[in-house]
file work-v3.txt (compact mmCIF, C-alpha atoms)
# COMPACT_ATOMS: atom_id res chain seq x y z
CA MET A 1027 -14.95 -14.16 34.16
CA ARG A 1028 -14.35 -17.77 33.15
CA VAL A 1029 -17.09 -17.51 30.50
CA LEU A 1030 -15.44 -14.40 28.99
CA THR A 1031 -12.09 -16.15 28.81
CA GLN A 1032 -13.68 -19.18 27.17
CA SER A 1033 -15.53 -16.94 24.69
CA GLN A 1034 -12.31 -15.16 23.72
CA SER A 1035 -10.56 -18.49 23.28
CA VAL A 1036 -13.31 -19.76 20.96
CA GLU A 1037 -13.11 -16.56 18.90
CA GLU A 1038 -9.36 -16.97 18.52
CA ILE A 1039 -9.83 -20.57 17.35
CA GLU A 1040 -12.54 -19.51 14.89
CA THR A 1041 -10.34 -16.72 13.53
CA GLY A 1042 -7.39 -19.08 13.10
CA LEU A 1043 -9.56 -21.59 11.22
CA LEU A 1044 -10.99 -18.86 8.99
CA LEU A 1045 -7.55 -17.51 8.04
CA GLU A 1046 -6.18 -21.01 7.47
CA GLY A 1047 -9.17 -21.84 5.28
CA ILE A 1048 -8.76 -18.68 3.20
CA PHE A 1049 -5.09 -19.46 2.69
CA ARG A 1050 -5.71 -23.08 1.64
CA GLN A 1051 -8.70 -22.30 -0.58
CA TYR A 1052 -7.60 -19.04 -2.21
CA GLY A 1053 -3.94 -18.43 -1.36
CA PHE A 1054 -4.50 -15.15 0.51
CA ASP A 1055 -2.46 -15.22 3.71
CA PHE A 1056 -3.67 -13.08 6.61
CA ARG A 1057 -2.29 -15.44 9.27
CA ASN A 1058 0.54 -13.10 10.25
CA TYR A 1059 -1.38 -9.85 10.26
CA ALA A 1060 -1.39 -7.90 13.53
CA PRO A 1061 -4.08 -9.64 15.63
CA SER A 1062 -5.72 -6.53 17.15
CA SER A 1063 -6.25 -4.76 13.83
CA LEU A 1064 -7.39 -7.95 12.11
CA ARG A 1065 -9.83 -8.83 14.88
CA ARG A 1066 -11.33 -5.34 14.80
CA ARG A 1067 -11.89 -5.46 11.04
CA LEU A 1068 -13.39 -8.95 11.21
CA ASN A 1069 -15.77 -7.97 13.97
CA ASN A 1070 -16.86 -4.85 12.10
CA PHE A 1071 -17.47 -6.91 8.96
CA ILE A 1072 -19.56 -9.47 10.85
CA LEU A 1073 -21.67 -6.72 12.41
CA ASP A 1074 -22.16 -4.91 9.10
CA GLU A 1075 -23.17 -8.13 7.33
CA HIS A 1076 -25.38 -9.33 10.21
CA ILE A 1077 -23.52 -12.64 10.50
CA THR A 1078 -23.84 -14.59 13.75
CA SER A 1079 -20.23 -15.75 14.16
CA ILE A 1080 -16.80 -16.10 12.55
CA SER A 1081 -17.58 -19.76 11.90
CA ALA A 1082 -20.68 -18.72 9.95
CA LEU A 1083 -18.53 -16.29 7.99
CA GLN A 1084 -16.04 -19.06 7.24
CA ASP A 1085 -18.78 -21.22 5.76
CA ARG A 1086 -19.86 -18.43 3.41
CA VAL A 1087 -16.35 -17.36 2.40
CA LEU A 1088 -15.09 -20.87 1.59
CA ARG A 1089 -18.15 -21.72 -0.49
CA ASP A 1090 -18.71 -18.42 -2.31
CA ARG A 1091 -15.93 -16.37 -3.94
CA GLN A 1092 -18.09 -13.24 -3.83
CA TRP A 1093 -18.03 -13.37 -0.04
CA LEU A 1094 -14.25 -13.60 -0.13
CA ASP A 1095 -14.05 -10.50 -2.33
CA ARG A 1096 -16.22 -8.57 0.11
CA LEU A 1097 -14.11 -9.72 3.04
CA LEU A 1098 -10.87 -8.81 1.23
CA TYR A 1099 -12.21 -5.30 0.78
CA ALA A 1100 -13.00 -5.09 4.50
CA LEU A 1101 -9.59 -6.45 5.57
CA SER A 1102 -7.63 -4.23 3.19
CA VAL A 1103 -6.55 -0.81 4.43
CA ASN A 1104 -8.12 1.52 1.86
CA VAL A 1105 -7.63 4.86 3.56
CA SER A 1106 -5.12 7.24 2.00
CA GLU A 1107 -4.84 10.67 0.43
CA MET A 1108 -2.86 12.38 -2.28
CA PHE A 1109 0.53 13.75 -1.18
CA ARG A 1110 0.01 12.28 2.27
CA ASP A 1111 2.82 13.44 4.58
CA PRO A 1112 3.85 16.33 2.27
CA SER A 1113 7.34 16.53 3.77
CA PHE A 1114 8.03 13.04 2.38
CA TYR A 1115 7.46 14.33 -1.15
CA VAL A 1116 9.55 17.45 -0.52
CA THR A 1117 12.46 15.23 0.50
CA PHE A 1118 11.86 12.88 -2.42
CA ARG A 1119 11.85 15.81 -4.83
CA THR A 1120 14.97 17.47 -3.46
CA GLN A 1121 17.14 14.49 -2.48
CA VAL A 1122 15.98 11.46 -4.46
CA VAL A 1123 15.08 12.94 -7.85
CA PRO A 1124 18.67 14.24 -8.46
CA MET A 1125 19.87 10.63 -8.08
CA LEU A 1126 17.18 9.36 -10.46
CA ARG A 1127 18.18 11.87 -13.12
CA THR A 1128 21.39 9.89 -13.61
CA TYR A 1129 19.47 6.75 -14.69
CA PRO A 1130 18.47 6.18 -18.32
CA PHE A 1131 15.40 4.21 -17.19
CA ILE A 1132 13.80 4.06 -13.74
CA ARG A 1133 11.75 1.18 -12.34
CA ILE A 1134 9.58 2.01 -9.34
CA TRP A 1135 7.46 -0.31 -7.20
CA LEU A 1136 4.65 1.03 -5.02
CA ALA A 1137 3.42 -1.83 -2.81
CA GLY A 1138 -0.01 -1.70 -1.19
CA VAL A 1139 -1.35 1.17 -3.29
CA SER A 1140 -4.97 0.91 -2.14
CA MET A 1141 -7.13 3.38 -4.12
CA GLY A 1142 -4.10 4.79 -5.96
CA GLU A 1143 -3.66 8.21 -4.38
CA GLU A 1144 0.06 7.64 -3.76
CA VAL A 1145 0.61 6.44 -7.33
CA TYR A 1146 -0.86 9.55 -8.92
CA SER A 1147 0.97 11.77 -6.43
CA LEU A 1148 4.29 10.26 -7.48
CA ALA A 1149 3.41 10.42 -11.19
CA ILE A 1150 2.64 14.14 -10.86
CA LEU A 1151 5.91 14.79 -9.02
CA LEU A 1152 7.96 12.88 -11.61
CA GLU A 1153 6.22 14.69 -14.46
CA GLU A 1154 6.98 18.08 -12.91
CA GLU A 1155 10.61 17.06 -12.51
CA GLY A 1156 10.79 16.08 -16.18
CA ILE A 1157 11.65 12.38 -15.72
CA TYR A 1158 8.28 10.66 -15.84
CA ASP A 1159 8.73 9.71 -19.49
CA ARG A 1160 11.58 7.35 -18.56
CA CYS A 1161 9.87 5.82 -15.52
CA ARG A 1162 7.81 2.67 -15.18
CA ILE A 1163 5.73 2.49 -12.00
CA TYR A 1164 4.43 -0.88 -10.82
CA ALA A 1165 1.43 -0.30 -8.55
CA THR A 1166 0.43 -3.42 -6.64
CA ASP A 1167 -2.12 -4.42 -4.04
CA ILE A 1168 -3.61 -7.65 -2.70
CA ASN A 1169 -7.13 -6.54 -3.62
CA ASP A 1170 -7.96 -6.72 -7.32
CA ALA A 1171 -11.23 -4.79 -6.92
CA ILE A 1172 -9.38 -1.91 -5.27
CA LEU A 1173 -6.77 -1.95 -8.05
CA LYS A 1174 -9.52 -1.49 -10.64
CA LYS A 1175 -10.72 1.61 -8.81
CA ALA A 1176 -7.15 2.89 -8.55
CA LYS A 1177 -6.70 2.46 -12.31
CA GLU A 1178 -9.80 4.56 -12.98
CA GLY A 1179 -8.23 7.54 -11.19
CA ILE A 1180 -11.58 8.91 -10.05
CA TYR A 1181 -11.99 10.54 -6.63
CA ARG A 1182 -14.58 12.62 -4.82
CA LEU A 1183 -14.46 16.26 -5.84
CA ASP A 1184 -14.81 17.40 -2.23
CA GLN A 1185 -11.42 15.79 -1.51
CA MET A 1186 -9.60 18.09 -3.92
CA ARG A 1187 -9.33 20.99 -1.49
CA MET A 1188 -7.35 18.85 0.96
CA TYR A 1189 -5.35 17.25 -1.85
CA THR A 1190 -4.52 20.69 -3.26
CA SER A 1191 -3.28 21.83 0.15
CA ASN A 1192 -1.10 18.71 0.44
CA TYR A 1193 0.21 19.24 -3.10
CA ILE A 1194 1.28 22.81 -2.33
CA LYS A 1195 2.99 21.74 0.90
CA ALA A 1196 4.71 18.92 -1.03
CA GLY A 1197 6.41 21.44 -3.30
CA GLY A 1198 4.06 21.31 -6.28
CA THR A 1199 5.08 23.67 -9.07
CA GLN A 1200 1.83 23.92 -11.05
CA SER A 1201 -1.85 24.48 -10.41
CA PHE A 1202 -3.13 21.17 -9.02
CA SER A 1203 -6.38 21.50 -10.96
CA ARG A 1204 -4.50 21.03 -14.25
CA TYR A 1205 -4.12 17.34 -13.43
CA TYR A 1206 -7.82 16.49 -13.25
CA THR A 1207 -11.19 17.27 -14.80
CA ALA A 1208 -14.21 17.96 -12.61
CA ALA A 1209 -17.38 16.11 -13.61
CA TYR A 1210 -20.45 16.28 -11.39
CA ASP A 1211 -19.17 15.36 -7.91
CA ARG A 1212 -16.06 13.53 -9.14
CA ALA A 1213 -12.52 14.49 -10.13
CA ILE A 1214 -11.06 12.41 -12.97
CA PHE A 1215 -7.27 12.50 -13.23
CA LYS A 1216 -5.86 12.88 -16.71
CA THR A 1217 -5.12 9.74 -18.69
CA SER A 1218 -1.49 10.68 -19.38
CA LEU A 1219 -0.66 10.14 -15.70
CA ARG A 1220 -1.47 6.44 -16.18
CA ASN A 1221 0.68 6.00 -19.30
CA ASN A 1222 3.67 4.65 -17.38
CA ILE A 1223 1.82 2.84 -14.59
CA VAL A 1224 1.28 -0.94 -14.46
CA PHE A 1225 -1.45 -1.98 -12.02
CA ALA A 1226 -1.06 -5.58 -10.87
CA GLN A 1227 -2.17 -7.83 -8.03
CA HIS A 1228 0.62 -8.84 -5.64
CA ASN A 1229 0.46 -10.36 -2.17
CA LEU A 1230 3.33 -9.29 0.06
CA ALA A 1231 2.66 -12.22 2.39
CA THR A 1232 2.97 -14.98 -0.23
CA ASP A 1233 4.34 -13.67 -3.55
CA ALA A 1234 7.99 -13.43 -4.56
CA SER A 1235 10.02 -10.64 -6.10
CA PHE A 1236 9.05 -9.95 -9.72
CA ASN A 1237 11.67 -7.42 -10.86
CA GLU A 1238 14.61 -5.26 -9.78
CA PHE A 1239 13.71 -1.70 -8.87
CA ASN A 1240 15.47 1.61 -8.43
CA VAL A 1241 12.81 2.85 -6.02
CA ILE A 1242 10.45 0.92 -3.75
CA MET A 1243 7.76 2.54 -1.63
CA CYS A 1244 5.95 0.40 0.92
CA ARG A 1245 4.44 3.02 3.18
CA ASN A 1246 1.95 2.43 5.99
CA VAL A 1247 1.50 -1.22 5.05
CA MET A 1248 3.73 -3.16 7.44
CA ILE A 1249 2.18 -1.58 10.54
CA TYR A 1250 -0.66 -4.07 10.01
CA PHE A 1251 1.70 -7.09 10.05
CA ASN A 1252 3.17 -8.95 13.01
CA ASN A 1253 6.95 -9.04 13.52
CA GLU A 1254 7.42 -12.27 11.58
CA LEU A 1255 5.63 -10.99 8.50
CA GLN A 1256 7.35 -7.61 8.71
CA ALA A 1257 10.74 -9.37 8.60
CA GLN A 1258 9.58 -11.46 5.63
CA VAL A 1259 8.44 -8.37 3.72
CA HIS A 1260 11.68 -6.53 4.49
CA ARG A 1261 13.60 -9.45 2.95
CA LEU A 1262 11.36 -9.27 -0.14
CA LEU A 1263 11.90 -5.53 -0.53
CA TYR A 1264 15.66 -5.90 -0.10
CA GLU A 1265 15.81 -8.67 -2.72
CA SER A 1266 13.79 -6.49 -5.11
CA LEU A 1267 15.86 -3.31 -4.70
CA ALA A 1268 18.86 -2.60 -6.91
CA MET A 1269 22.16 -1.58 -5.33
CA PHE A 1270 21.96 2.11 -4.36
CA GLY A 1271 18.18 1.93 -4.84
CA ILE A 1272 15.83 3.97 -2.68
CA LEU A 1273 13.42 2.55 -0.09
CA GLY A 1274 10.56 4.56 1.39
CA ILE A 1275 8.54 3.30 4.36
CA GLY A 1276 5.79 4.79 6.52
CA ALA A 1277 6.25 7.33 9.29
CA LYS A 1278 5.39 4.76 11.99
CA GLU A 1279 7.51 1.99 10.43
CA ALA A 1280 11.19 1.29 11.00
CA LEU A 1281 14.18 -0.57 9.61
CA ARG A 1282 15.44 -1.18 13.15
CA LEU A 1283 15.69 -4.91 13.91
CA SER A 1284 14.76 -5.81 10.31
CA PRO A 1285 16.89 -8.53 8.61
CA HIS A 1286 18.73 -5.97 6.47
CA GLU A 1287 18.91 -3.02 8.84
CA ASN A 1288 22.62 -2.53 8.17
CA SER A 1289 22.25 -2.72 4.38
CA TYR A 1290 20.85 0.82 4.12
CA GLU A 1291 22.01 4.34 4.76
CA GLU A 1292 19.57 6.96 5.93
CA ILE A 1293 18.66 9.71 3.48
CA ASP A 1294 16.18 11.44 5.74
CA LYS A 1295 15.14 10.29 9.22
CA THR A 1296 11.81 12.10 9.32
CA SER A 1297 10.69 11.04 5.85
CA LYS A 1298 11.88 7.44 6.35
CA LEU A 1299 13.82 7.35 3.08
CA TYR A 1300 16.82 5.04 2.79
CA ARG A 1301 19.43 4.04 0.21
CA ARG A 1302 20.64 0.47 -0.21
CA ILE A 1303 24.43 0.30 0.19
CA ALA A 1304 25.09 -3.42 0.66
call {"tool": "encode", "arguments": {"input": "work-v3.txt", "output": "structure tokens"}}
result
Amino acid sequence: MRVLTQSQSVEEIETGLLLEGIFRQYGFDFRNYAPSSLRRRLNNFILDEHITSISALQDRVLRDRQWLDRLLYALSVNVSEMFRDPSFYVTFRTQVVPMLRTYPFIRIWLAGVSMGEEVYSLAILLEEEGIYDRCRIYATDINDAILKKAKEGIYRLDQMRMYTSNYIKAGGTQSFSRYYTAAYDRAIFKTSLRNNIVFAQHNLATDASFNEFNVIMCRNVMIYFNNELQAQVHRLLYESLAMFGILGIGAKEALRLSPHENSYEEIDKTSKLYRRIA
């Protein structure tokens, strides 16, 4: 039992040194990510890469940028789907879009976009509602390699059945297939959906606000952060959101106990959509 405790302690020290080294060398800050999720992803990466220890991984990452890029991919949460949580999009379409119609120009920030499914889902919704031409969507993620894939807008063709089902449940008004072209085993989404999207790298843990937005979506991202980092990100989102702007967070995330909990009014409890009022 004493050996197990000692082993766990050494692993925690190694992990802390690795994260500190990554921050000092490259500026990526994973030090306040939720420990259990982070540890699981690190262990899986070490096993997949046949590395003997976290210390051995640290040596490779700090000396070779390509190893960092591979580790970033492993630590990033890259699992999503188009029109995920369809009820969220129904609420956005029926309760948020009427507010947006009153704006001459709409700035939207999607933070932690991963492979881009949420970005294209929103672009399709805004196009169907006739306001996409006066929107600018900023799609950001910590992982530049993932952003490049998101910008391509190419997904597995066998995913389209599920995405089509989500789209219908989300209140889609067209045939979903009109938004993509099937080629071999891939679905390529039409170029016009990317016309008003800016893909850019942004680190929620270290980077500052870069604009004022009418809508911010940061969904299913903060569940991987500890309480300290969650509070920091909530401050960033608040500072980036215009008065009466709309904030959307994930189904398992909450404003409760955040620094600006009382600065929002609830639009829809289930969909986790809020409006800044202070």
call {"tool": "atom_distance", "arguments": {"input": "work-v3.txt", "atom1": "atom CA of Ile1172 of chain A", "atom2": "atom CA of Ser1102 of chain A"}}
result
8.9 Å
call {"tool": "atom_distance", "arguments": {"input": "work-v3.txt", "atom1": "atom CA of Met1186 of chain A", "atom2": "atom CA of Tyr1158 of chain A"}}
result
22.7 Å
call {"tool": "closest_residue", "arguments": {"input": "work-v3.txt", "among": "A:Ser1106, A:Asn1169, A:Asn1222, A:Gln1258", "to": "Gln1185 of chain A", "atoms": "only C-alpha atoms"}}
result
A:Ser1106
call {"tool": "atom_distance", "arguments": {"input": "work-v3.txt", "atom1": "atom CA of Ile1168 of chain A", "atom2": "atom CA of Gln1051 of chain A"}}
result
15.7 Å
call {"tool": "closest_residue", "arguments": {"input": "work-v3.txt", "among": "A:Asn1237, A:Thr1217, A:Gln1084, A:Thr1117", "to": "Arg1133 of chain A", "atoms": "only C-alpha atoms"}}
result
A:Asn1237
call {"tool": "residues_around", "arguments": {"input": "work-v3.txt", "residues": "Ser1203 of chain A", "least_positions_apart": "6", "cutoff": "10 Å", "atoms": "all atoms listed in the file", "output": "PyMOL selection string"}}
result
chain A and resi 1186-1187+1190+1213+1215
call {"tool": "residues_near_point", "arguments": {"input": "work-v3.txt", "point": "(16.0, 6.2, -15.8)", "cutoff": "12 Å", "atoms": "all atoms listed in the file", "output": "number ranges by chain"}}
result
A: 1123-1134, 1152, 1156-1163, 1239-1241, 1271
call {"tool": "closest_residue", "arguments": {"input": "work-v3.txt", "among": "A:His1076, A:Arg1119, A:His1260, A:Arg1110", "to": "Glu1155 of chain A", "atoms": "all atoms listed in the file"}}
result
A:Arg1119
call {"tool": "closest_residue", "arguments": {"input": "work-v3.txt", "among": "A:Tyr1052, A:Tyr1146, A:Tyr1115, A:Tyr1210", "to": "Lys1195 of chain A", "atoms": "only C-alpha atoms"}}
result
A:Tyr1115
call {"tool": "closest_residue", "arguments": {"input": "work-v3.txt", "among": "A:Leu1151, A:Leu1045, A:Leu1219, A:Leu1136", "to": "Thr1199 of chain A", "atoms": "only C-alpha atoms"}}
result
A:Leu1151
call {"tool": "residues_around", "arguments": {"input": "work-v3.txt", "residues": "Ser1191 of chain A", "least_positions_apart": "2", "cutoff": "12 Å", "atoms": "all atoms listed in the file", "output": "ChimeraX atom specification"}}
result
/A:1107-1112,1185-1189,1193-1198,1201-1203
call {"tool": "residues_near_point", "arguments": {"input": "work-v3.txt", "point": "(-3.3, 2.9, -14.6)", "cutoff": "7 Å", "atoms": "all atoms listed in the file", "output": "PyMOL selection string"}}
result
chain A and resi 1177-1178+1220-1221+1223-1225
call {"tool": "closest_residue", "arguments": {"input": "work-v3.txt", "among": "A:Ser1079, A:Ile1150, A:Lys1175, A:Val1259", "to": "Tyr1206 of chain A", "atoms": "all atoms listed in the file"}}
result
A:Ile1150
call {"tool": "residues_around", "arguments": {"input": "work-v3.txt", "residues": "Tyr1250 of chain A", "least_positions_apart": "4", "cutoff": "12 Å", "atoms": "only C-alpha atoms", "output": "VMD selection string"}}
result
chain A and resid 1056 to 1067 1101 to 1103 1138 1230 to 1231 1245 to 1246 1254 to 1256 1259 1276 1278 to 1279
call {"tool": "decode", "arguments": {"input": "work-v3.txt", "residues": "segment 1220-1233 of chain A", "atoms": "N, CA and C atoms", "output": "PDB file, in the first residue's frame"}}
result
ATOM      1  N   ARG A1220     -18.684  28.786 -45.102  1.00  0.00           N
ATOM      2  CA  ARG A1220     -17.467  29.289 -44.467  1.00  0.00           C
ATOM      3  C   ARG A1220     -17.212  30.768 -44.772  1.00  0.00           C
ATOM      4  N   ASN A1221     -18.047  31.371 -45.598  1.00  0.00           N
ATOM      5  CA  ASN A1221     -17.802  32.750 -46.031  1.00  0.00           C
ATOM      6  C   ASN A1221     -17.686  33.737 -44.877  1.00  0.00           C
ATOM      7  N   ASN A1222     -18.484  33.525 -43.837  1.00  0.00           N
ATOM      8  CA  ASN A1222     -18.514  34.481 -42.724  1.00  0.00           C
ATOM      9  C   ASN A1222     -17.917  33.905 -41.442  1.00  0.00           C
ATOM     10  N   ILE A1223     -17.040  32.909 -41.594  1.00  0.00           N
ATOM     11  CA  ILE A1223     -16.400  32.278 -40.438  1.00  0.00           C
ATOM     12  C   ILE A1223     -14.912  32.601 -40.431  1.00  0.00           C
ATOM     13  N   VAL A1224     -14.407  33.032 -39.275  1.00  0.00           N
ATOM     14  CA  VAL A1224     -12.970  33.256 -39.085  1.00  0.00           C
ATOM     15  C   VAL A1224     -12.464  32.196 -38.112  1.00  0.00           C
ATOM     16  N   PHE A1225     -11.582  31.320 -38.591  1.00  0.00           N
ATOM     17  CA  PHE A1225     -10.991  30.294 -37.741  1.00  0.00           C
ATOM     18  C   PHE A1225      -9.682  30.832 -37.174  1.00  0.00           C
ATOM     19  N   ALA A1226      -9.528  30.784 -35.857  1.00  0.00           N
ATOM     20  CA  ALA A1226      -8.332  31.351 -35.233  1.00  0.00           C
ATOM     21  C   ALA A1226      -7.992  30.602 -33.950  1.00  0.00           C
ATOM     22  N   GLN A1227      -6.705  30.501 -33.671  1.00  0.00           N
ATOM     23  CA  GLN A1227      -6.257  29.856 -32.441  1.00  0.00           C
ATOM     24  C   GLN A1227      -6.455  30.801 -31.258  1.00  0.00           C
ATOM     25  N   HIS A1228      -7.010  30.270 -30.180  1.00  0.00           N
ATOM     26  CA  HIS A1228      -7.206  31.056 -28.956  1.00  0.00           C
ATOM     27  C   HIS A1228      -7.196  30.097 -27.781  1.00  0.00           C
ATOM     28  N   ASN A1229      -6.461  30.477 -26.742  1.00  0.00           N
ATOM     29  CA  ASN A1229      -6.327  29.656 -25.545  1.00  0.00           C
ATOM     30  C   ASN A1229      -7.126  30.284 -24.417  1.00  0.00           C
ATOM     31  N   LEU A1230      -8.188  29.642 -24.006  1.00  0.00           N
ATOM     32  CA  LEU A1230      -9.048  30.188 -22.960  1.00  0.00           C
ATOM     33  C   LEU A1230      -8.310  30.336 -21.635  1.00  0.00           C
ATOM     34  N   ALA A1231      -7.278  29.531 -21.432  1.00  0.00           N
ATOM     35  CA  ALA A1231      -6.556  29.557 -20.159  1.00  0.00           C
ATOM     36  C   ALA A1231      -5.580  30.721 -20.050  1.00  0.00           C
ATOM     37  N   THR A1232      -5.104  31.241 -21.199  1.00  0.00           N
ATOM     38  CA  THR A1232      -4.052  32.263 -21.140  1.00  0.00           C
ATOM     39  C   THR A1232      -4.337  33.513 -21.958  1.00  0.00           C
ATOM     40  N   ASP A1233      -5.200  33.440 -22.965  1.00  0.00           N
ATOM     41  CA  ASP A1233      -5.407  34.575 -23.867  1.00  0.00           C
ATOM     42  C   ASP A1233      -6.522  35.494 -23.367  1.00  0.00           C
TER      43      ASP A1233
END
